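Visitor: Input upload.csv, format and content: CSV, C-alpha atoms and all ligand atoms.
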chain,number,residue,atom,x,y,z
A,1,MET,CA,55.3,2.6,20.6
A,2,ARG,CA,56.0,6.3,20.1
A,3,PRO,CA,57.3,8.4,21.8
A,4,TYR,CA,59.3,5.7,23.5
A,5,ASP,CA,62.2,3.6,22.1
A,6,ALA,CA,62.7,1.2,25.0
A,7,PHE,CA,60.9,-0.4,28.1
A,8,LEU,CA,62.8,-0.7,31.4
A,9,LEU,CA,61.9,-2.9,34.3
A,10,VAL,CA,63.2,-1.5,37.5
A,11,SER,CA,63.4,-3.8,40.5
A,12,PHE,CA,64.9,-4.2,44.0
A,13,GLY,CA,67.5,-6.8,43.2
A,14,GLY,CA,68.6,-9.7,45.4
A,15,PRO,CA,71.7,-11.9,46.0
A,16,GLU,CA,72.0,-15.2,44.1
A,17,ALA,CA,74.9,-16.7,46.0
A,18,GLU,CA,76.0,-16.9,49.7
A,19,ASP,CA,78.9,-14.5,49.3
A,20,GLU,CA,76.6,-11.9,47.8
A,21,VAL,CA,74.2,-11.7,50.8
A,22,ILE,CA,76.2,-9.3,53.0
A,23,PRO,CA,77.3,-6.9,50.1
A,24,PHE,CA,73.6,-6.8,49.0
A,25,LEU,CA,72.4,-6.0,52.5
A,26,GLU,CA,75.1,-3.3,52.7
A,27,ASN,CA,73.8,-1.8,49.5
A,28,VAL,CA,70.2,-1.8,50.8
A,29,THR,CA,70.9,-0.4,54.2
A,30,ARG,CA,73.6,2.2,53.4
A,31,GLY,CA,72.8,5.3,55.5
A,32,ARG,CA,69.5,3.8,56.8
A,33,GLY,CA,70.1,3.5,60.5
A,34,ILE,CA,69.0,-0.1,60.6
A,35,PRO,CA,70.2,-1.9,63.7
A,36,ARG,CA,73.1,-4.4,63.2
A,37,GLU,CA,71.1,-7.2,64.8
A,38,ARG,CA,68.3,-6.8,62.3
A,39,LEU,CA,70.9,-7.0,59.4
A,40,ALA,CA,72.4,-10.2,60.8
A,41,GLU,CA,68.9,-11.6,61.3
A,42,VAL,CA,67.8,-10.8,57.7
A,43,GLY,CA,71.1,-12.3,56.4
A,44,GLU,CA,70.0,-15.6,58.0
A,45,HIS,CA,66.8,-15.5,56.0
A,46,TYR,CA,68.8,-15.5,52.8
A,47,PHE,CA,71.3,-18.1,54.1
A,48,LEU,CA,68.4,-20.4,54.7
A,49,PHE,CA,67.9,-20.4,50.9
A,50,ASP,CA,71.6,-20.8,50.2
A,51,GLY,CA,72.0,-17.1,49.6
A,52,VAL,CA,69.6,-17.1,46.7
A,53,SER,CA,66.8,-14.5,46.6
A,54,PRO,CA,64.0,-15.5,44.2
A,55,ILE,CA,63.5,-11.9,43.0
A,56,ASN,CA,66.0,-11.8,40.1
A,57,GLN,CA,64.7,-15.0,38.5
A,58,GLN,CA,61.1,-13.6,39.0
A,59,CYS,CA,62.2,-10.5,37.0
A,60,ARG,CA,63.7,-12.7,34.3
A,61,ASP,CA,60.5,-14.7,34.1
A,62,LEU,CA,58.4,-11.6,33.9
A,63,ILE,CA,60.6,-10.1,31.2
A,64,ALA,CA,60.3,-13.2,29.1
A,65,GLU,CA,56.5,-13.0,29.3
A,66,VAL,CA,56.5,-9.3,28.6
A,67,ARG,CA,58.7,-9.7,25.5
A,68,ALA,CA,56.4,-12.4,24.2
A,69,ASP,CA,53.3,-10.3,24.9
A,70,PHE,CA,54.9,-7.1,23.3
A,71,SER,CA,55.8,-9.0,20.1
A,72,ALA,CA,52.4,-10.8,19.9
A,73,ASN,CA,50.7,-7.3,20.2
A,74,GLY,CA,52.9,-5.2,17.9
A,75,VAL,CA,54.7,-3.3,20.7
A,76,ASP,CA,58.2,-3.0,19.2
A,77,LEU,CA,60.1,-1.9,22.2
A,78,PRO,CA,63.3,-3.5,23.4
A,79,VAL,CA,63.1,-4.6,27.0
A,80,TYR,CA,65.8,-3.7,29.6
A,81,TRP,CA,66.2,-4.5,33.2
A,82,GLY,CA,68.0,-2.7,36.1
A,83,ASN,CA,68.0,-3.2,39.9
A,84,ARG,CA,68.4,-0.7,42.7
A,85,PHE,CA,70.5,-2.9,44.9
A,86,TRP,CA,72.1,-5.8,43.0
A,87,ALA,CA,73.2,-6.9,39.5
A,88,PRO,CA,72.1,-6.0,36.9
A,89,MET,CA,72.5,-2.6,38.5
A,90,LEU,CA,70.3,0.2,37.2
A,91,THR,CA,73.3,2.5,36.4
A,92,ASP,CA,74.9,-0.2,34.3
A,93,THR,CA,71.6,-0.7,32.4
A,94,VAL,CA,71.2,3.0,31.8
A,95,ARG,CA,74.8,3.1,30.5
A,96,GLN,CA,74.0,0.2,28.1
A,97,MET,CA,70.9,1.9,26.9
A,98,ALA,CA,73.0,5.0,26.1
A,99,ARG,CA,75.4,2.9,24.2
A,100,ASP,CA,72.6,1.3,22.3
A,101,GLY,CA,71.4,4.8,21.3
A,102,VAL,CA,68.2,4.7,23.3
A,103,ARG,CA,66.8,8.2,23.9
A,104,ARG,CA,63.5,7.9,25.7
A,105,VAL,CA,62.5,5.2,28.0
A,106,VAL,CA,59.2,4.1,29.7
A,107,ALA,CA,60.0,2.4,33.0
A,108,MET,CA,57.9,0.3,35.4
A,109,ALA,CA,58.8,-0.5,39.0
A,110,THR,CA,58.0,-3.9,40.5
A,111,SER,CA,56.1,-2.1,43.1
A,112,ALA,CA,52.4,-1.1,42.9
A,113,TYR,CA,51.8,1.5,45.7
A,114,SER,CA,52.5,5.0,46.7
A,115,ASN,CA,55.0,5.6,49.4
A,116,TYR,CA,58.7,6.7,49.6
A,117,SER,CA,60.2,3.1,49.5
A,118,SER,CA,57.9,1.9,46.7
A,119,HIS,CA,57.8,5.0,44.5
A,120,ARG,CA,60.0,8.0,45.3
A,121,ALA,CA,63.1,5.9,46.0
A,122,TYR,CA,62.7,4.4,42.5
A,123,LEU,CA,62.5,7.9,41.0
A,124,ASN,CA,65.5,9.0,43.0
A,125,ASP,CA,67.6,6.0,41.9
A,126,ILE,CA,66.6,6.5,38.3
A,127,ALA,CA,67.8,10.2,38.6
A,128,ALA,CA,71.0,9.1,40.2
A,129,ALA,CA,71.7,6.5,37.5
A,130,ARG,CA,71.2,9.0,34.8
A,131,GLU,CA,73.4,11.5,36.5
A,132,ALA,CA,76.2,8.8,36.8
A,133,VAL,CA,75.9,8.0,33.1
A,134,GLY,CA,76.0,11.7,32.1
A,135,PRO,CA,74.6,13.6,29.2
A,136,GLU,CA,74.3,10.6,26.9
A,137,ALA,CA,71.8,9.0,29.4
A,138,PRO,CA,68.2,8.6,28.0
A,139,GLU,CA,65.2,10.3,29.5
A,140,ILE,CA,63.4,7.8,31.7
A,141,GLU,CA,59.7,8.2,32.7
A,142,LEU,CA,58.4,6.0,35.4
A,143,ILE,CA,54.9,4.4,35.2
A,144,ARG,CA,52.6,5.5,38.0
A,145,PRO,CA,51.6,3.3,40.9
A,146,PHE,CA,49.2,0.7,39.5
A,147,PHE,CA,47.7,-0.8,42.7
A,148,ASP,CA,44.0,-0.8,41.5
A,149,HIS,CA,44.6,-1.8,37.9
A,150,PRO,CA,42.5,-4.8,36.9
A,151,GLY,CA,45.8,-6.5,35.8
A,152,PHE,CA,46.9,-6.4,39.5
A,153,ILE,CA,43.5,-7.1,41.1
A,154,GLU,CA,42.3,-10.0,39.0
A,155,PRO,CA,45.3,-12.3,39.5
A,156,LEU,CA,45.0,-11.6,43.3
A,157,VAL,CA,41.4,-12.7,43.2
A,158,GLU,CA,42.1,-15.9,41.3
A,159,HIS,CA,45.1,-16.7,43.5
A,160,THR,CA,43.0,-16.1,46.7
A,161,ARG,CA,40.3,-18.5,45.5
A,162,GLN,CA,43.0,-21.1,44.8
A,163,ALA,CA,44.4,-20.7,48.3
A,164,LEU,CA,40.9,-21.0,49.8
A,165,ASP,CA,40.5,-24.2,47.8
A,166,ARG,CA,43.6,-25.6,49.3
A,167,LEU,CA,42.3,-25.2,52.9
A,168,PRO,CA,40.7,-28.3,54.5
A,169,ASP,CA,37.1,-28.6,53.5
A,170,ASP,CA,35.8,-28.2,57.0
A,171,LYS,CA,37.8,-25.0,57.6
A,172,ARG,CA,37.0,-23.1,54.4
A,173,THR,CA,33.8,-21.4,55.3
A,174,GLY,CA,34.5,-18.5,57.5
A,175,ALA,CA,38.2,-18.6,56.8
A,176,ARG,CA,39.8,-15.2,57.3
A,177,LEU,CA,41.6,-13.3,54.6
A,178,LEU,CA,44.7,-11.5,55.9
A,179,PHE,CA,46.0,-9.1,53.3
A,180,SER,CA,49.7,-8.5,54.0
A,181,ALA,CA,51.9,-5.7,52.9
A,182,HIS,CA,55.4,-4.4,53.8
A,183,SER,CA,55.3,-2.2,57.0
A,184,ILE,CA,56.9,1.2,56.7
A,185,PRO,CA,57.5,3.9,59.3
A,186,THR,CA,54.2,5.6,60.2
A,187,ALA,CA,55.7,9.0,59.3
A,188,MET,CA,56.5,7.7,55.8
A,189,ALA,CA,53.0,6.3,55.5
A,190,ASP,CA,51.4,9.6,56.6
A,191,ALA,CA,53.4,11.5,54.0
A,192,SER,CA,52.6,9.0,51.2
A,193,GLY,CA,50.8,10.1,48.0
A,194,ALA,CA,50.7,13.5,46.4
A,195,PRO,CA,49.6,16.8,48.1
A,196,GLY,CA,46.1,17.6,47.1
A,197,GLN,CA,45.0,14.0,46.5
A,198,GLY,CA,42.9,14.2,49.6
A,199,TYR,CA,44.2,11.1,51.3
A,200,GLY,CA,44.2,12.8,54.7
A,201,SER,CA,46.6,12.2,57.6
A,202,GLY,CA,46.9,8.4,57.2
A,203,GLY,CA,48.4,8.9,53.7
A,204,ALA,CA,47.9,7.1,50.4
A,205,TYR,CA,49.7,3.8,51.1
A,206,ALA,CA,47.4,2.5,53.9
A,207,ALA,CA,44.3,3.8,52.0
A,208,GLN,CA,45.4,2.0,48.8
A,209,LEU,CA,46.1,-1.2,50.7
A,210,GLU,CA,42.7,-1.1,52.4
A,211,GLU,CA,40.9,-0.5,49.1
A,212,VAL,CA,42.7,-3.3,47.2
A,213,ALA,CA,41.9,-5.7,50.1
A,214,ARG,CA,38.3,-4.7,49.9
A,215,MET,CA,38.1,-5.1,46.2
A,216,VAL,CA,39.8,-8.5,46.2
A,217,ALA,CA,37.7,-9.8,49.1
A,218,GLU,CA,34.5,-8.6,47.5
A,219,ARG,CA,35.3,-10.3,44.2
A,220,VAL,CA,36.4,-13.5,45.9
A,221,GLY,CA,33.0,-13.7,47.5
A,222,GLY,CA,31.9,-16.1,50.2
A,223,GLY,CA,31.7,-13.4,52.9
A,224,HIS,CA,35.1,-14.1,54.3
A,225,PRO,CA,36.1,-11.6,57.0
A,226,TYR,CA,39.1,-9.7,55.8
A,227,GLU,CA,41.7,-7.1,57.0
A,228,VAL,CA,45.0,-5.6,56.3
A,229,VAL,CA,48.1,-6.7,58.2
A,230,TYR,CA,51.8,-5.7,57.9
A,231,GLN,CA,55.0,-7.7,57.8
A,232,SER,CA,58.8,-7.4,57.5
A,233,ARG,CA,59.2,-4.4,59.9
A,234,SER,CA,62.7,-3.2,60.4
A,235,GLY,CA,64.1,0.0,62.0
A,236,PRO,CA,64.6,0.6,65.8
A,237,PRO,CA,61.8,-0.5,68.1
A,238,SER,CA,61.5,3.1,69.3
A,239,GLN,CA,60.2,4.2,65.9
A,240,PRO,CA,56.5,3.5,65.1
A,241,TRP,CA,55.8,1.4,62.0
A,242,LEU,CA,52.5,0.4,60.5
A,243,GLU,CA,50.7,-2.4,62.5
A,244,PRO,CA,49.4,-4.9,63.3
A,245,ASP,CA,52.2,-7.3,62.4
A,246,VAL,CA,50.8,-10.5,60.8
A,247,ASN,CA,52.2,-12.7,63.6
A,248,ASP,CA,50.7,-10.6,66.4
A,249,ARG,CA,47.4,-10.6,64.6
A,250,LEU,CA,47.4,-14.4,64.2
A,251,GLU,CA,47.9,-14.6,68.0
A,252,GLU,CA,44.9,-12.4,68.6
A,253,LEU,CA,42.8,-14.2,66.0
A,254,SER,CA,43.5,-17.5,67.7
A,255,LYS,CA,42.1,-16.1,71.0
A,256,GLU,CA,39.1,-15.0,69.0
A,257,GLY,CA,38.6,-18.6,67.9
A,258,ALA,CA,39.7,-18.3,64.3
A,259,GLU,CA,40.4,-21.7,62.7
A,260,ALA,CA,41.8,-20.9,59.3
A,261,VAL,CA,43.4,-18.0,57.4
A,262,VAL,CA,44.5,-17.3,53.9
A,263,VAL,CA,47.3,-14.7,53.7
A,264,VAL,CA,47.2,-12.6,50.5
A,265,PRO,CA,50.5,-10.8,49.9
A,266,HIS,CA,48.7,-7.9,48.2
A,267,GLY,CA,51.6,-5.5,49.0
A,268,PHE,CA,53.9,-7.2,46.5
A,269,VAL,CA,54.1,-8.2,42.9
A,270,SER,CA,56.1,-11.4,43.2
A,271,ASP,CA,56.9,-14.1,45.7
A,272,HIS,CA,60.3,-12.8,46.7
A,273,MET,CA,62.2,-13.2,49.9
A,274,GLU,CA,59.8,-11.1,52.0
A,275,VAL,CA,57.0,-13.5,51.0
A,276,LYS,CA,59.0,-16.7,51.1
A,277,PHE,CA,60.5,-16.1,54.5
A,278,ASP,CA,58.3,-13.7,56.4
A,279,LEU,CA,55.0,-15.4,55.3
A,280,ASP,CA,55.7,-19.0,54.1
A,281,HIS,CA,58.3,-19.6,56.9
A,282,GLU,CA,57.6,-17.3,59.8
A,283,ALA,CA,53.8,-16.6,59.7
A,284,ARG,CA,53.1,-20.2,58.7
A,285,GLU,CA,55.0,-21.4,61.8
A,286,THR,CA,53.1,-18.9,64.0
A,287,ALA,CA,49.8,-20.2,62.7
A,288,ALA,CA,50.9,-23.9,63.1
A,289,GLY,CA,51.8,-23.2,66.7
A,290,LEU,CA,48.3,-21.8,67.3
A,291,GLY,CA,46.6,-24.6,65.5
A,292,ILE,CA,45.3,-22.3,62.7
A,293,ALA,CA,45.0,-23.7,59.2
A,294,PHE,CA,47.2,-21.5,57.0
A,295,GLU,CA,47.4,-21.0,53.2
A,296,ARG,CA,49.2,-18.3,51.3
A,297,ALA,CA,47.9,-16.9,48.1
A,298,LEU,CA,50.4,-16.4,45.2
A,299,SER,CA,51.3,-12.9,44.3
A,300,PRO,CA,50.6,-11.7,40.7
A,301,GLY,CA,54.0,-13.0,39.5
A,302,THR,CA,53.7,-13.9,35.8
A,303,HIS,CA,49.9,-14.2,35.7
A,304,PRO,CA,48.9,-13.5,32.0
A,305,ARG,CA,46.6,-10.7,33.2
A,306,PHE,CA,49.5,-9.0,35.0
A,307,VAL,CA,51.7,-9.4,32.0
A,308,GLN,CA,49.0,-7.8,29.8
A,309,MET,CA,48.8,-4.9,32.3
A,310,VAL,CA,52.4,-4.1,31.7
A,311,ARG,CA,51.6,-3.5,28.0
A,312,GLU,CA,48.4,-1.6,28.9
A,313,LEU,CA,50.3,0.8,31.2
A,314,VAL,CA,52.9,1.4,28.5
A,315,GLN,CA,50.1,2.2,26.0
A,316,GLU,CA,48.2,4.4,28.5
A,317,ARG,CA,51.4,6.5,29.0
A,318,ALA,CA,52.3,6.6,25.3
A,319,GLU,CA,48.8,7.8,24.4
A,320,GLY,CA,48.4,10.1,27.4
A,321,ALA,CA,45.2,8.3,28.3
A,322,GLU,CA,43.3,8.6,31.5
A,323,PRO,CA,44.9,6.3,34.1
A,324,MET,CA,42.7,3.2,34.5
A,325,GLY,CA,41.8,2.0,38.0
A,326,LEU,CA,39.0,0.0,39.6
A,327,SER,CA,38.9,1.8,42.9
A,328,GLY,CA,38.0,5.5,42.4
A,329,LEU,CA,41.0,6.5,44.5
A,330,PRO,CA,43.1,9.3,43.0
A,331,LEU,CA,45.5,8.2,40.4
A,332,CYS,CA,48.5,10.1,39.0
A,333,HIS,CA,48.9,10.8,35.4
A,334,GLU,CA,52.5,11.6,36.0
A,335,CYS,CA,54.5,11.7,39.1
A,336,VAL,CA,54.6,15.1,40.7
A,337,ALA,CA,57.9,16.4,42.1
A,338,ASP,CA,56.7,16.4,45.7
A,339,CYS,CA,54.8,13.1,46.1
A,340,CYS,CA,55.8,10.4,48.6
A,341,PRO,CA,58.6,12.3,50.4
A,342,GLN,CA,60.9,10.4,52.8
A,343,LYS,CA,59.8,10.9,56.4
A,344,ARG,CA,60.9,8.7,59.2
B,1,LIG,C1,57.4,-0.8,51.0
B,1,LIG,C2,58.5,-1.8,50.7
B,1,LIG,C3,58.5,-2.8,49.8
B,1,LIG,C4,57.5,-3.1,48.7
B,1,LIG,C5,57.6,-2.3,47.5
B,1,LIG,C6,58.9,-2.6,46.7
B,1,LIG,O1,59.0,-3.8,46.2
B,1,LIG,O2,59.7,-1.7,46.5
B,1,LIG,C7,59.8,-3.5,49.9
B,1,LIG,C8,60.2,-4.5,49.1
B,1,LIG,C9,61.4,-5.3,49.3
B,1,LIG,N1,62.3,-5.2,50.4
B,1,LIG,C10,63.3,-6.1,50.1
B,1,LIG,C11,64.4,-6.3,51.0
B,1,LIG,C12,64.7,-5.5,52.0
B,1,LIG,N2,64.0,-4.4,52.5
B,1,LIG,C13,64.7,-3.8,53.6
B,1,LIG,C14,64.3,-2.7,54.3
B,1,LIG,C15,63.2,-1.9,54.1
B,1,LIG,N3,62.2,-2.1,53.2
B,1,LIG,C16,61.2,-1.1,53.3
B,1,LIG,C17,60.0,-1.0,52.6
B,1,LIG,C18,59.7,-1.9,51.5
B,1,LIG,N4,60.4,-2.9,51.0
B,1,LIG,C19,61.6,-0.2,54.3
B,1,LIG,C20,60.9,1.0,54.8
B,1,LIG,C21,62.9,-0.7,54.8
B,1,LIG,C22,63.7,-0.1,55.9
B,1,LIG,C23,64.9,0.6,55.3
B,1,LIG,C24,64.6,1.7,54.3
B,1,LIG,O3,64.0,2.7,54.8
B,1,LIG,O4,65.0,1.5,53.2
B,1,LIG,C25,65.9,-4.6,53.8
B,1,LIG,C26,66.9,-4.3,54.9
B,1,LIG,C27,66.8,-5.3,56.0
B,1,LIG,C28,65.5,-5.1,56.7
B,1,LIG,O5,65.4,-4.1,57.4
B,1,LIG,O6,64.6,-5.9,56.5
B,1,LIG,C29,65.9,-5.7,52.9
B,1,LIG,C30,66.9,-6.8,52.7
B,1,LIG,C31,63.0,-6.8,48.9
B,1,LIG,C32,63.9,-7.9,48.3
B,1,LIG,C33,63.4,-9.3,48.6
B,1,LIG,C34,64.2,-10.3,48.0
B,1,LIG,O7,65.5,-10.3,48.1
B,1,LIG,O8,63.6,-11.3,47.4
B,1,LIG,C35,61.9,-6.3,48.4
B,1,LIG,C36,61.2,-6.6,47.1
B,2,FE,FE,62.1,-3.8,51.9
Could you write out this structure as structure tokens?
Guide:
Amino acid sequence: MRPYDAFLLVSFGGPEAEDEVIPFLENVTRGRGIPRERLAEVGEHYFLFDGVSPINQQCRDLIAEVRADFSANGVDLPVYWGNRFWAPMLTDTVRQMARDGVRRVVAMATSAYSNYSSHRAYLNDIAAAREAVGPEAPEIELIRPFFDHPGFIEPLVEHTRQALDRLPDDKRTGARLLFSAHSIPTAMADASGAPGQGYGSGGAYAAQLEEVARMVAERVGGGHPYEVVYQSRSGPPSQPWLEPDVNDRLEELSKEGAEAVVVVPHGFVSDHMEVKFDLDHEARETAAGLGIAFERALSPGTHPRFVQMVRELVQERAEGAEPMGLSGLPLCHECVADCCPQKR
């Protein structure tokens, strides 16, 4: 797949044993000003699962499918994997690629949207890893945010229908769809996207989330009321983050007489800890306490259409083709130097 000689999956990383939880959280939060209580609290989420985050295995599963898809379709790129915060660490992977003689890499982040945490932070960490490896490090180009690619949208549609089917028969009609994404500081949200893309003061992230929710709900059909909610807030209470929180919204919906919800984690690509704990554990419990029937749609994960999308994004980039998206929102060909700055 000229001009590239390797594909790299870049992910967040997560612990896989109890004694890895605290060192992992220290890596994530270094220099972040996250309150100690929040760290201890998040540590408990991981201990509830014996210290094992599902995210690494989900990356291994995705890579296995991508390798099979590449070889079935004549894409002859070796596949590498590096994480920002836990083994296999990105810097080690970049060093290995240098040893293997890799010169030019096309990389994809396990993150579909435009904002500092989902996009710029990946670019920065790639730059830092190359810097650490030195002049032998390959060039690494990051695939653009892919939030409205059919390979992301179609699995969400199918998974939302399946979740609706799991609701009790008498609660399905009129069930509400809550599309849930990671909250970020509102200053970071306002600055998300690239200058000149015309997203306005609310920024790209919220607009992209709103549009994906609309497209998925429309394709699911059935006239279900839908809205975007946020989850997994951290940071000090004094700092504004995107709202409403999924749990607060469930409380309000209960007062409005809602009987059933399907939560769609459209802000994520796999069912990692933020989904397993914050939705399957916490939000489910909130809904149970309110007597609201609750189902959670699967994230794209290793859905075959999502796997195919990885190849399509590699091909799009290799060929310099127009970026493909279903929404009509502005898409980047390449990431510009000043998109998605860190603001908090
Ligand atoms: C937008 C976004 C995504 C989605 C896009 C993407 O995937 O990149 C995401 C994903 C993830 N976030 C994850 C875990 C954590 N995120 C934290 C903290 C933070 N996340 C933020 C944003 C996001 N996070 C922000 C603004 C912070 C505050 C600190 C900072 O400004 O950086 C903390 C610290 C404790 C806490 O405060 O919660 C943890 C442990 C995991 C791993 C899950 C697993 O182990 O399975 C994943 C996939
Ligand atoms: Fe996070």
Visitor: Pick the closest to Thr160 (chain A) from A:Val310, A:Val264, A:Val275, A:Ala40: which is it, counting all atoms listed in the file?
Guide: A:Val264
Visitor: Hey, which residues sit close to ligand FE 2 (chain B)? Say within 8 Å, counting all atoms listed in the file, and write them as a short mmCIF file (atom, residue, chain, number, x, y, z; two decimals) with C-alpha atoms, keeping the file's coordinate frame.
Guide:
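And here's result_24.cif as it stands now:
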data_model
loop_
_atom_site.label_atom_id
_atom_site.label_comp_id
_atom_site.auth_asym_id
_atom_site.auth_seq_id
_atom_site.Cartn_x
_atom_site.Cartn_y
_atom_site.Cartn_z
CA SER A 117 60.20 3.10 49.50
CA HIS A 182 55.40 -4.40 53.80
CA SER A 232 58.80 -7.40 57.50
CA GLU A 274 59.80 -11.10 52.00
#
Visitor: Given all atoms listed in the file as the basis, pick out the residue of A:Arg233, A:Arg38, A:His272, A:His149 nearest to Val216 (chain A).
Guide: A:His149
Visitor: Between chain A and ligand LIG 1 (chain B), at 6 Å or less, what are the per-residue closest atom pairs and their distances in Å? Count only C-alpha atoms and all ligand atoms, order by chain and rising residue number, and return it as a tab-separated table.
Guide:
residue	atom	partner	partner_atom	distance
A:Phe12	CA	B:LIG1	C36	5.4
A:Gly14	CA	B:LIG1	O7	4.2
A:Leu25	CA	B:LIG1	C30	5.6
A:Val28	CA	B:LIG1	C26	5.8
A:Thr29	CA	B:LIG1	C26	5.6
A:Arg32	CA	B:LIG1	C23	5.8
A:Leu39	CA	B:LIG1	C27	5.6
A:Val42	CA	B:LIG1	C27	5.8
A:Ser53	CA	B:LIG1	O8	4.6
A:Pro54	CA	B:LIG1	O8	5.3
A:Ile55	CA	B:LIG1	O8	4.4
A:Thr110	CA	B:LIG1	O1	5.8
A:Ser111	CA	B:LIG1	O1	4.6
A:Ser117	CA	B:LIG1	C1	5.0
A:Ser118	CA	B:LIG1	O2	4.0
A:His182	CA	B:LIG1	C1	5.0
A:Ile184	CA	B:LIG1	C20	4.4
A:Ser234	CA	B:LIG1	O5	4.1
A:Phe268	CA	B:LIG1	C4	5.9
A:His272	CA	B:LIG1	O8	3.7
A:Met273	CA	B:LIG1	O8	3.4
A:Glu274	CA	B:LIG1	C33	5.3
Visitor: Please provide as a count of residues only all residues within 7 Å of region 190-207 of chain A, with the sequence filter that same-chain residues fewer than 3 positions apart are discarded (counting only C-alpha atoms).
Guide: 14
Visitor: CA of Phe147 (chain A) to CA of Leu313 (chain A): how many Å, to one decimal?
Guide: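 Those two atoms sit 11.9 Å apart.
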Visitor: Taking only C-alpha atoms into account, which of A:Met108, A:Ala213, A:Ala258, A:Ala189 comes nearest Arg144 (chain A)?
Guide: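 So, comparing all the options, the nearest one is A:Met108.
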Visitor: Enter the distance from CA of Thr302 (chain A) to CA of Phe152 (chain A), in Å, rounded to one decimal.
Guide: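 Computing the Euclidean distance for CA of Thr302 (chain A) and CA of Phe152 (chain A) yields 10.8 Å.
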Visitor: Can you list, as a ChimeraX atom specification, every protein, DNA or RNA residue that comes within 9 Å of Lys171 (chain A) when you count only C-alpha atoms, leaving out same-chain residues fewer than 2 positions away?
Guide: /A:167-169,173-175,259-261,293
Visitor: Now that the selection is made, can you save its residues with C-alpha atoms as a short mmCIF file (atom, residue, chain, number, x, y, z; two decimals), keeping the file's coordinate frame?
Guide:
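Once everything was written out, this is out31.cif:
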data_model
loop_
_atom_site.label_atom_id
_atom_site.label_comp_id
_atom_site.auth_asym_id
_atom_site.auth_seq_id
_atom_site.Cartn_x
_atom_site.Cartn_y
_atom_site.Cartn_z
CA LEU A 167 42.30 -25.20 52.90
CA PRO A 168 40.70 -28.30 54.50
CA ASP A 169 37.10 -28.60 53.50
CA THR A 173 33.80 -21.40 55.30
CA GLY A 174 34.50 -18.50 57.50
CA ALA A 175 38.20 -18.60 56.80
CA GLU A 259 40.40 -21.70 62.70
CA ALA A 260 41.80 -20.90 59.30
CA VAL A 261 43.40 -18.00 57.40
CA ALA A 293 45.00 -23.70 59.20
#
Visitor: Place N, CA and C atoms on region 204-216 of chain A and deliver the coordinates as a PDB file, keeping the file's coordinate frame.
Guide:
ATOM      1  N   ALA A 204      48.416   7.891  51.486  1.00  0.00           N
ATOM      2  CA  ALA A 204      47.900   7.100  50.400  1.00  0.00           C
ATOM      3  C   ALA A 204      48.140   5.592  50.566  1.00  0.00           C
ATOM      4  N   TYR A 205      49.291   5.216  51.111  1.00  0.00           N
ATOM      5  CA  TYR A 205      49.700   3.800  51.100  1.00  0.00           C
ATOM      6  C   TYR A 205      48.637   2.945  51.855  1.00  0.00           C
ATOM      7  N   ALA A 206      48.311   3.327  53.094  1.00  0.00           N
ATOM      8  CA  ALA A 206      47.400   2.500  53.900  1.00  0.00           C
ATOM      9  C   ALA A 206      45.973   2.534  53.201  1.00  0.00           C
ATOM     10  N   ALA A 207      45.578   3.682  52.648  1.00  0.00           N
ATOM     11  CA  ALA A 207      44.300   3.800  52.000  1.00  0.00           C
ATOM     12  C   ALA A 207      44.234   2.862  50.744  1.00  0.00           C
ATOM     13  N   GLN A 208      45.313   2.848  49.970  1.00  0.00           N
ATOM     14  CA  GLN A 208      45.400   2.000  48.800  1.00  0.00           C
ATOM     15  C   GLN A 208      45.351   0.513  49.182  1.00  0.00           C
ATOM     16  N   LEU A 209      46.104   0.168  50.224  1.00  0.00           N
ATOM     17  CA  LEU A 209      46.100  -1.200  50.700  1.00  0.00           C
ATOM     18  C   LEU A 209      44.741  -1.674  51.152  1.00  0.00           C
ATOM     19  N   GLU A 210      44.065  -0.776  51.868  1.00  0.00           N
ATOM     20  CA  GLU A 210      42.700  -1.100  52.400  1.00  0.00           C
ATOM     21  C   GLU A 210      41.748  -1.296  51.231  1.00  0.00           C
ATOM     22  N   GLU A 211      41.847  -0.450  50.227  1.00  0.00           N
ATOM     23  CA  GLU A 211      40.900  -0.500  49.100  1.00  0.00           C
ATOM     24  C   GLU A 211      41.174  -1.756  48.232  1.00  0.00           C
ATOM     25  N   VAL A 212      42.437  -2.096  48.016  1.00  0.00           N
ATOM     26  CA  VAL A 212      42.700  -3.300  47.200  1.00  0.00           C
ATOM     27  C   VAL A 212      42.228  -4.542  48.005  1.00  0.00           C
ATOM     28  N   ALA A 213      42.422  -4.562  49.319  1.00  0.00           N
ATOM     29  CA  ALA A 213      41.900  -5.700  50.100  1.00  0.00           C
ATOM     30  C   ALA A 213      40.410  -5.810  49.970  1.00  0.00           C
ATOM     31  N   ARG A 214      39.726  -4.682  50.068  1.00  0.00           N
ATOM     32  CA  ARG A 214      38.300  -4.700  49.900  1.00  0.00           C
ATOM     33  C   ARG A 214      37.829  -5.198  48.556  1.00  0.00           C
ATOM     34  N   MET A 215      38.481  -4.698  47.523  1.00  0.00           N
ATOM     35  CA  MET A 215      38.100  -5.100  46.200  1.00  0.00           C
ATOM     36  C   MET A 215      38.339  -6.569  45.898  1.00  0.00           C
ATOM     37  N   VAL A 216      39.459  -7.068  46.390  1.00  0.00           N
ATOM     38  CA  VAL A 216      39.800  -8.500  46.200  1.00  0.00           C
ATOM     39  C   VAL A 216      38.805  -9.355  46.970  1.00  0.00           C
TER      40      VAL A 216
END
